[in-house]
Structures are given as C-alpha cells and as structure tokens.
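Student: Input: one structure, supplied below.
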Amino acid sequence: MKRELVITDVTRMQEGRVCVAGYDRQRNCVRPVLAPPGIHESSLCAKKKPIVFPFAVVEYDLLDHIPKPPHTEDWRYDPASVRLIKKLGEKEKRETLERLCFPGVDAIFGTPIISAQGHYVLDGQGTRSLGTIRPRQILKVIHEQRDDAWKYRLWFVNGERMTWHLTITDLAWRYFCDSQRQTRSAEKIVSELTAKLEASQVYLRIGLARGWDKHPDRCYLQVTGVYSFPDYLEGRTFADFSLCKSND
C-alpha cells in the first residue's frame, strides 16, 4: 500500500541507525520500520542528497501494520519503495505542526507518565508514542560532555506549566551542535541556542524510546524533533552537517 507521508521525526539511535516517522493525509502517524538491524542513516540519502528529512513528503510502500503499545504507529515497509515527492514551505511546515499539537505532554500518550529517575510510560500501555507540543517557555539548552560522550537535553515548560528535562534525539539538532563545536565552546553553543529558541515560536516533537536490557518495561520520553520559527537551522537539514553517504 503506497502512502505519502509528511516526515516529522528523524532521530538518532545507536550504531548508525535512525528512527523515522511522519503523517499521512488523514493525519495518521506512521513509523516506517525494518527488521533488525533497522534503518541505517545512509538510507536517508541518495546520490549524496537527502530524500528523507523533516517536512519532506516521502512515498513509502507500507506492507504490514505491527503495533505494540505504546508504539502503535509501526509499519513494515519496502525499503526499495522510498521516494521523495517534495518538501514543504515554511508556511506549510508551521501549519502542519499546529494541526498536530496537543495541549501538553501529559495529553499525548493516552496513559499516565511516571516521573522517577526520568519520565517514562510502561511498555504495553498507551495509545500512541509520538506527539507535538508548543512549549510555554524554553528554560535552557543543555549541551555537555559526560563519560566521554556528548549529552543533548532541553529544559522547557509545557502548556500545563510543568517543567520537563528531556534528552534530544533529533538527528539534525545533534549534527548541528556537533558542527558548532568546531568553532565555538559548548558554553557558547548553549547560550546562543537558548537565546534563539527563547526568541522564536518553538514546536517540539515528543516521543517514547523503547525499553532496553536495564529497563525493558520502561519507555522513556525524549525530544524527537526541535522546530523553531525563525528556523535555527536556516533551512538546512541534517545532510548539510553530515557526509550524507549514499547507497550508490
């Protein structure tokens, strides 16, 4: 079943893999998935140009719906079918995010969020694993090195006036921060990005990770997309900061 999706989420996982999600014309959220090892970042590009990126309209041949709450959006697809149709303009981007907005983080998943050593929902519960919010206030961007790895987090207040502190897995955000470290200190990056977001209209995509060995029953909240108007990326995509190796 061929379906056109407006891509809203491209997130970094481990070992060069990514997670992708988008919406069809009926505003159904779809997460195209492949059997292990999953989707490799290199497949997001063809001939060294991105074909799957936020706000691209991309055609997929969807094969089987394989929901497993809270990840009810998963569909297996034919990887040979992926085709870029077009990309949305700035007005269309904002309209798309506005149509998808929830009143707050607590309203997204259809199940209680547990706040203890982070924020998570229990595996097997909930109606969805992805949603959009407009934060009431951006408090601080966090970009720091711990245990020989760079951490990317965001403090914000959502519409219910609750403060959240979540990891950012947005692929473009991480590439952008990494590129900025070539000429700026981490402190400068934090200061500049915080100021930019504070002065912009910001939309956040909030998603759920999957359980892992230590906590197989916990699906932790994360920021899967950071979108600002004006655009902090100035129209660029992850590919402008990566090698974007193709499968030629």
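Every chain in the structure tokens has a letter given in the order shown (A, B, ...), and although residue numbers restart at 1 in each chain, ligands are simply numbered from 1 in the order shown.
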Skipping near chain neighbours, those fewer than 3 positions away, what residues fall within 7 Å of region 223-235 of chain A using only C-alpha atoms, listed as number ranges by chain?
Tutor: A: 9, 11, 166-170, 196-197, 200-207
Student: Those selected residues, please, written with N, CA and C atoms and delivered as a compact mmCIF listing (two decimals), in the first residue's frame.
Tutor:
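In the end it all went to part.txt:
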# COMPACT_ATOMS: atom_id res chain seq x y z
N ASP A 9 9.73 13.38 12.07
CA ASP A 9 10.73 12.92 13.03
C ASP A 9 11.83 12.14 12.31
N THR A 11 15.31 10.70 13.97
CA THR A 11 16.07 10.68 15.23
C THR A 11 17.23 9.72 15.16
N LEU A 166 14.33 16.74 29.16
CA LEU A 166 14.34 15.55 28.31
C LEU A 166 15.55 15.51 27.38
N THR A 167 16.00 14.30 27.07
CA THR A 167 17.06 14.09 26.10
C THR A 167 16.56 14.43 24.70
N ILE A 168 17.41 15.07 23.89
CA ILE A 168 17.10 15.38 22.49
C ILE A 168 17.75 14.32 21.60
N THR A 169 16.93 13.63 20.81
CA THR A 169 17.44 12.63 19.87
C THR A 169 17.31 13.08 18.42
N ASP A 170 16.81 14.27 18.19
CA ASP A 170 16.67 14.85 16.85
C ASP A 170 18.01 14.81 16.12
N LYS A 196 18.15 31.81 20.93
CA LYS A 196 17.39 31.68 19.68
C LYS A 196 16.02 31.08 19.93
N LEU A 197 15.98 30.01 20.72
CA LEU A 197 14.70 29.37 20.97
C LEU A 197 13.78 30.25 21.81
N SER A 200 11.93 32.62 19.59
CA SER A 200 11.23 32.02 18.46
C SER A 200 9.94 31.34 18.92
N GLN A 201 9.09 31.03 17.94
CA GLN A 201 7.97 30.14 18.19
C GLN A 201 8.49 28.72 18.02
N VAL A 202 8.42 27.93 19.07
CA VAL A 202 9.03 26.60 19.07
C VAL A 202 7.95 25.52 19.14
N TYR A 203 8.15 24.50 18.35
CA TYR A 203 7.33 23.29 18.42
C TYR A 203 8.27 22.13 18.72
N LEU A 204 7.85 21.26 19.62
CA LEU A 204 8.65 20.09 19.97
C LEU A 204 7.88 18.83 19.65
N ARG A 205 8.57 17.89 19.05
CA ARG A 205 8.05 16.54 18.89
C ARG A 205 8.51 15.73 20.11
N ILE A 206 7.57 15.11 20.78
CA ILE A 206 7.88 14.32 21.96
C ILE A 206 7.55 12.86 21.66
N GLY A 207 8.52 11.99 21.87
CA GLY A 207 8.32 10.58 21.57
C GLY A 207 8.77 9.68 22.71
Student: May I have the residues within 12 Å of region 33-44 of chain A as a PyMOL selection string, using only C-alpha atoms and disregarding those fewer than 6 positions away in the same chain?
Tutor: chain A and resi 7+10-22+50-54+56+58+60-67+71-84+171-172+237-239+242-248
Student: Mind giving me the straight-line distance from CA of Glu144 (chain A) to CA of Val190 (chain A) in Å, one decimal?
Tutor: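 Computed distance, CA of Glu144 (chain A) to CA of Val190 (chain A), equals 8.9 Å.
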Student: Applying 6 Å and only C-alpha atoms, which residues near Leu100 (chain A) remain after dropping the ones on its own chain fewer than 2 positions away? List them as a list in words.
Tutor: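 Near neighbours after the sequence-gap exclusion: Leu97, Glu98 and Thr132 of chain A.
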Student: Using only C-alpha atoms, which of the listed residues (A:Ile142, A:Ile114, A:Val57, A:Val30) sits closest to Glu192 (chain A)?
Tutor: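 Ranking A:Ile142, A:Ile114, A:Val57, A:Val30 by distance to Glu192 (chain A), first place goes to A:Ile142.
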Student: Enumerate, as a PyMOL selection string, the complete set of residues in chain A that a backbone-based DSSP assignment places in strand (DSSP E or B).
Tutor: chain A and resi 2-12+17-23+29-33+39-40+45-46+49-50+56-65+68+71+74-77+83-87+101+114-115+119-122+130-133+137-146+149-157+163-168+170+201-208+218-229
Student: Which residue gives the smallest distance to Arg128 (chain A) among A:Glu198, A:Lys68, A:Tyr220, A:Gln145, with only C-alpha atoms counted?
Tutor: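 For Arg128 (chain A), the nearest of the given residues is A:Lys68.
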Student: So which bits of region 94-207 of chain A end up alpha helix (DSSP H) when you DSSP the backbone, as number ranges by chain?
Tutor: A: 94-99, 171-180, 186-198
Student: Taking into account only C-alpha atoms, which residue in the set A:Gln26, A:Asp123, A:Ile85, A:Pro69 is nearest to Gly211 (chain A)?
Tutor: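 Among the listed residues, A:Asp123 lies closest to Gly211 (chain A).
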